[in-house]
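Q: Dropping in run.txt, which is compact mmCIF, C-alpha atoms:
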```txt
# COMPACT_ATOMS: atom_id res chain seq x y z
CA MET A 183 119.64 31.56 107.34
CA SER A 184 123.01 32.52 108.83
CA LEU A 185 123.52 35.95 110.40
CA PHE A 186 126.05 36.83 107.70
CA SER A 187 123.64 35.83 104.93
CA ARG A 188 120.83 37.87 106.51
CA LEU A 189 123.04 40.95 106.88
CA THR A 190 124.18 40.64 103.27
CA ARG A 191 120.58 40.56 102.09
CA THR A 192 119.45 43.45 104.29
CA GLN A 193 122.19 45.96 103.49
CA LEU A 194 122.04 47.95 100.26
CA VAL A 195 124.84 47.11 97.91
CA ASP A 196 127.48 49.76 97.28
CA PRO A 197 126.78 51.01 93.73
CA ALA A 198 130.46 50.51 92.92
CA HIS A 199 130.04 46.80 93.64
CA ALA A 200 126.63 46.25 92.04
CA LEU A 201 126.22 43.70 89.27
CA PRO A 202 126.99 45.08 85.79
CA GLY A 203 123.66 44.13 84.23
CA ARG A 204 123.21 44.41 80.48
CA THR A 205 122.53 46.92 77.73
CA THR A 206 119.53 45.05 76.33
CA ALA A 207 116.18 45.24 78.11
CA LEU A 208 114.07 42.18 78.78
CA ALA A 209 111.46 41.39 76.15
CA ALA A 210 108.66 43.94 76.36
CA PRO A 211 105.51 42.60 78.05
CA GLY A 212 102.29 42.76 76.05
CA THR A 213 98.85 43.68 77.32
CA HIS A 214 97.51 43.53 80.84
CA ASP A 215 96.12 40.07 81.62
CA VAL A 216 93.17 41.55 83.53
CA LEU A 217 92.56 45.04 82.17
CA GLY A 218 93.51 44.39 78.54
CA THR A 219 95.49 47.63 78.38
CA PRO A 220 99.11 48.12 77.27
CA LEU A 221 101.78 47.74 79.91
CA GLN A 222 104.24 50.10 78.25
CA ALA A 223 104.16 53.68 76.95
CA PRO A 224 102.90 55.47 75.02
CA PHE A 225 99.84 55.76 77.25
CA PRO A 226 96.75 57.85 76.42
CA ALA A 227 97.06 61.58 77.00
CA GLY A 228 96.05 62.83 80.42
CA LEU A 229 97.12 59.76 82.37
CA GLU A 230 99.68 59.92 85.17
CA GLN A 231 102.17 57.43 86.58
CA ALA A 232 103.18 56.29 90.04
CA VAL A 233 105.72 53.71 91.23
CA PHE A 234 105.53 51.93 94.59
CA GLY A 235 107.58 49.27 96.34
CA LEU A 236 105.75 47.40 99.12
CA GLY A 237 107.16 43.89 99.25
CA CYS A 238 106.63 41.00 96.86
CA PHE A 239 105.27 42.59 93.70
CA TRP A 240 102.84 39.79 92.85
CA GLY A 241 100.30 40.68 95.52
CA ALA A 242 101.11 44.38 95.41
CA GLU A 243 100.22 44.62 91.72
CA ARG A 244 96.86 42.91 92.24
CA ILE A 245 95.89 45.45 94.89
CA PHE A 246 96.46 48.32 92.47
CA TRP A 247 94.87 46.84 89.35
CA ARG A 248 91.66 46.48 91.34
CA GLN A 249 91.48 50.21 92.10
CA GLN A 250 89.01 52.49 90.33
CA GLY A 251 90.66 54.81 87.82
CA VAL A 252 93.72 52.62 87.24
CA PHE A 253 94.43 52.23 83.52
CA THR A 254 97.21 49.65 83.77
CA THR A 255 99.78 48.16 86.11
CA ALA A 256 103.08 46.37 85.64
CA VAL A 257 105.75 44.90 87.88
CA GLY A 258 109.42 45.63 87.62
CA TYR A 259 112.58 46.76 89.35
CA ALA A 260 113.23 50.31 90.57
CA GLY A 261 115.56 52.33 92.76
CA GLY A 262 118.72 50.38 92.05
CA THR A 263 121.97 50.57 90.11
CA THR A 264 122.22 47.57 87.78
CA PRO A 265 120.79 48.27 84.29
CA ASN A 266 118.20 45.82 82.94
CA PRO A 267 118.45 43.35 85.82
CA ILE A 268 116.82 39.93 85.84
CA TYR A 269 114.82 38.52 88.73
CA GLU A 270 117.57 36.29 90.09
CA GLU A 271 119.99 39.23 90.18
CA VAL A 272 117.52 41.43 92.05
CA CYS A 273 116.89 38.64 94.57
CA SER A 274 120.63 38.36 95.18
CA GLY A 275 120.62 41.84 96.69
CA GLN A 276 123.45 42.87 94.39
CA THR A 277 121.51 45.29 92.14
CA GLY A 278 120.01 47.66 94.73
CA HIS A 279 116.53 47.41 93.23
CA THR A 280 113.15 47.06 94.88
CA GLU A 281 110.39 44.88 93.54
CA ALA A 282 108.08 47.66 92.36
CA VAL A 283 104.69 48.29 90.77
CA LEU A 284 104.09 50.83 88.03
CA VAL A 285 100.57 52.28 88.28
CA VAL A 286 99.16 54.31 85.38
CA PHE A 287 95.99 56.11 86.43
CA ASP A 288 93.38 58.60 85.28
CA PRO A 289 93.49 61.60 87.67
CA THR A 290 89.89 62.45 86.78
CA LEU A 291 88.76 59.11 88.23
CA THR A 292 91.12 58.72 91.16
CA SER A 293 93.94 60.69 92.78
CA TYR A 294 97.56 60.20 93.71
CA SER A 295 96.51 60.71 97.33
CA GLU A 296 94.09 57.80 97.06
CA LEU A 297 96.83 55.59 95.64
CA LEU A 298 99.05 56.62 98.55
CA ARG A 299 96.31 55.53 100.95
CA VAL A 300 96.15 52.14 99.23
CA PHE A 301 99.94 51.88 99.38
CA TRP A 302 100.20 52.61 103.11
CA GLU A 303 97.33 50.37 104.14
CA ALA A 304 98.46 47.40 102.01
CA HIS A 305 101.74 46.73 103.82
CA ASP A 306 103.75 47.37 106.98
CA PRO A 307 106.10 50.29 106.19
CA THR A 308 108.02 49.96 109.47
CA GLN A 309 109.90 46.74 108.70
CA GLY A 310 113.01 48.02 106.93
CA MET A 311 114.50 45.54 104.49
CA GLN A 312 111.70 43.02 104.63
CA GLN A 313 107.98 42.51 104.43
CA GLY A 314 106.68 39.76 106.68
CA ASN A 315 108.69 36.60 106.03
CA ASP A 316 110.20 38.05 102.83
CA VAL A 317 113.66 39.31 103.78
CA GLY A 318 115.96 41.34 101.53
CA THR A 319 116.61 44.81 100.19
CA GLN A 320 114.27 44.12 97.26
CA TYR A 321 111.35 44.06 99.71
CA ARG A 322 111.93 47.50 101.24
CA SER A 323 109.12 50.03 101.26
CA ALA A 324 109.58 52.83 98.72
CA ILE A 325 107.75 55.55 96.82
CA TYR A 326 109.35 56.77 93.59
CA THR A 327 107.92 60.16 92.66
CA PHE A 328 107.34 62.00 89.40
CA GLY A 329 107.79 65.71 90.05
CA ASP A 330 107.47 68.01 93.04
CA GLU A 331 103.73 67.57 93.47
CA GLN A 332 104.02 63.82 93.98
CA ARG A 333 107.03 64.25 96.26
CA THR A 334 105.18 66.74 98.45
CA ALA A 335 102.12 64.49 98.62
CA ALA A 336 104.21 61.41 99.41
CA GLU A 337 106.14 63.13 102.20
CA ALA A 338 102.96 64.59 103.71
CA SER A 339 101.24 61.22 103.65
CA ARG A 340 104.28 59.56 105.21
CA SER A 341 104.19 62.02 108.12
CA ALA A 342 100.44 61.63 108.57
CA TYR A 343 100.55 57.85 108.50
CA GLU A 344 103.52 57.69 110.83
CA GLY A 345 101.45 59.59 113.38
CA ALA A 346 98.57 57.16 112.95
CA LEU A 347 100.91 54.19 113.33
CA ALA A 348 102.52 55.67 116.45
CA ARG A 349 99.12 56.10 118.08
CA ALA A 350 98.46 52.43 117.37
CA GLY A 351 101.74 51.36 118.95
CA HIS A 352 103.82 50.77 115.81
CA GLY A 353 107.38 51.89 115.13
CA ARG A 354 108.73 54.51 112.77
CA ILE A 355 108.22 54.33 109.03
CA THR A 356 111.27 53.23 107.01
CA THR A 357 109.80 54.03 103.59
CA ASP A 358 112.10 55.73 101.08
CA VAL A 359 110.68 58.66 99.11
CA GLU A 360 112.91 59.26 96.10
CA PRO A 361 112.64 60.70 92.58
CA ALA A 362 111.66 58.05 90.05
CA GLY A 363 114.54 56.72 87.99
CA PRO A 364 114.48 53.94 85.40
CA PHE A 365 111.72 51.36 85.79
CA TYR A 366 112.89 48.04 84.42
CA TYR A 367 110.02 45.74 83.49
CA ALA A 368 110.16 42.31 85.09
CA GLU A 369 109.95 39.08 83.14
CA ASP A 370 106.62 38.40 81.46
CA TYR A 371 105.70 35.55 83.81
CA HIS A 372 105.73 37.99 86.75
CA GLN A 373 103.25 40.37 85.10
CA GLN A 374 99.78 39.96 86.66
CA TYR A 375 101.07 36.78 88.27
CA LEU A 376 98.08 36.32 90.58
CA SER A 377 95.71 36.48 87.62
CA LYS A 378 97.65 33.75 85.84
CA VAL A 379 98.16 31.75 89.06
CA PRO A 380 95.14 32.61 91.25
CA ASN A 381 96.33 30.49 94.17
CA GLY A 382 99.89 31.77 93.96
CA TYR A 383 101.92 33.23 96.81
CA CYS A 384 100.93 36.65 98.14
CA GLY A 385 103.03 38.02 100.98
CA ILE A 386 101.25 41.39 101.21
CA GLY A 387 99.63 42.32 104.51
CA GLY A 388 98.93 45.65 106.19
CA THR A 389 98.98 46.83 109.80
CA GLY A 390 95.22 47.36 110.04
CA VAL A 391 95.81 51.07 110.66
CA SER A 392 93.84 53.39 108.37
CA CYS A 393 95.67 56.15 106.54
CA PRO A 394 94.25 59.63 107.24
CA VAL A 395 93.69 60.63 103.62
CA GLY A 396 92.30 64.02 104.58
CA LEU A 397 95.77 65.06 105.78
CA VAL A 398 97.43 64.14 102.50
CA VAL A 399 98.17 66.85 99.94
CA ALA A 400 95.80 66.33 97.03
CA GLY A 401 97.32 64.67 93.98
```
Let's see the structure in the file written out as structure tokens.
A:
Amino acid sequence: MSLFSRLTRTQLVDPAHALPGRTTALAAPGTHDVLGTPLQAPFPAGLEQAVFGLGCFWGAERIFWRQQGVFTTAVGYAGGTTPNPIYEEVCSGQTGHTEAVLVVFDPTLTSYSELLRVFWEAHDPTQGMQQGNDVGTQYRSAIYTFGDEQRTAAEASRSAYEGALARAGHGRITTDVEPAGPFYYAEDYHQQYLSKVPNGYCGIGGTGVSCPVGLVVAG
């Protein structure tokens, strides 16, 4: 990969120069291939949502669907500019989106803080615009929050985990914490990809540093 190509892929596109996208959303995915639950709203009353970006969304989604208290998961594109992008556009770096996972969970069975612990420990949040060998703005680490309570919890957990990483000799966290905007569902073949293709690629890997959950604001 040339230096110019790498820089292009690791710098967020100016929204004024982002791809135009489209007015029509991709075909709605059906039910979860593992959990058998719907991937799209309306969800049962009392459930809450979270959105995380932690590298290639295939492996990231599998980590979350395995968690107790998770009702459903889906992969998609978040944090960008282009409306209703397709995978190839996101991979071009010209939409501003991350590859993200939507997690719908039952707060009586798990907590947002527990999901944050899973998020931090599942990837390396110090790598900027990449995750391992996956390079590009779509692989950046990000938390997209719903309301002040999630934002406060996410920022507290980021500070706590950064301290833990520093003590273990790692660099500073580059994770974005931003209010959740539109979540654009990815193409159906991406949904629960590692259930459909059990030996498929998974680029997710953590630092081995535990997240101090007790310092995280309860969610």
Q: Write out as an MDAnalysis selection string each polymer residue whose atoms come within 7 Å of Gly251 in chain A, counting all atoms listed in the file; drop sequence neighbours fewer than 3 positions from it.
A: chainID A and resid 287:288 291:292
Q: My list of candidates is A:Gly218, A:Gly258, A:Gly278, A:Gly353. Which is closest to Ala198 in chain A when distances are computed with all atoms listed in the file?
A: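 For Ala198 in chain A, the nearest of the candidates is A:Gly278.
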Q: List the neighbours of Gly318 in chain A out to 7 Å using all atoms listed in the file; skip same-chain residues closer than 4 positions along the sequence, and give me the result as number ranges by chain.
A: A: 191-192, 275, 311-312
Q: Compile the contact shell of range 334-344 of chain A as a PyMOL selection string: residues with an atom at most 10 Å away, counting all atoms listed in the file, same-chain residues fewer than 3 positions apart removed.
A: chain A and resi 294-295+298-299+302-303+307-308+325-327+329-331+347-350+352-360+391-401
Q: I'd like to know which of A:Phe246, A:Phe239, A:Tyr259, A:Phe253 is closest to Thr277 in chain A, using all atoms listed in the file.
A: A:Tyr259
Q: With distances taken over all atoms listed in the file, which residue among A:Thr264, A:Thr255, A:Gln373, A:Gln249 lies nearest Arg204 in chain A?
A: A:Thr264
Q: Identify which of the residues A:Ala223, A:Leu236, A:Ala362, A:Val257 lies closest to Asp306 in chain A, counting all atoms listed in the file when measuring atom-to-atom distances.
A: A:Leu236
Q: Find, counting all atoms listed in the file, the residue in A:Glu296, A:Ala207, A:Glu230, A:Pro364 that gets nearest to Thr280 in chain A.
A: A:Pro364
Q: What is the distance between CA of Gln313 in chain A and CA of Leu221 in chain A, in Å to one decimal?
A: 25.8 Å
Q: With distances taken over only C-alpha atoms, which of A:Leu194, A:Cys384, A:Ala256, A:Leu297 is nearest to Ala210 in chain A?
A: A:Ala256
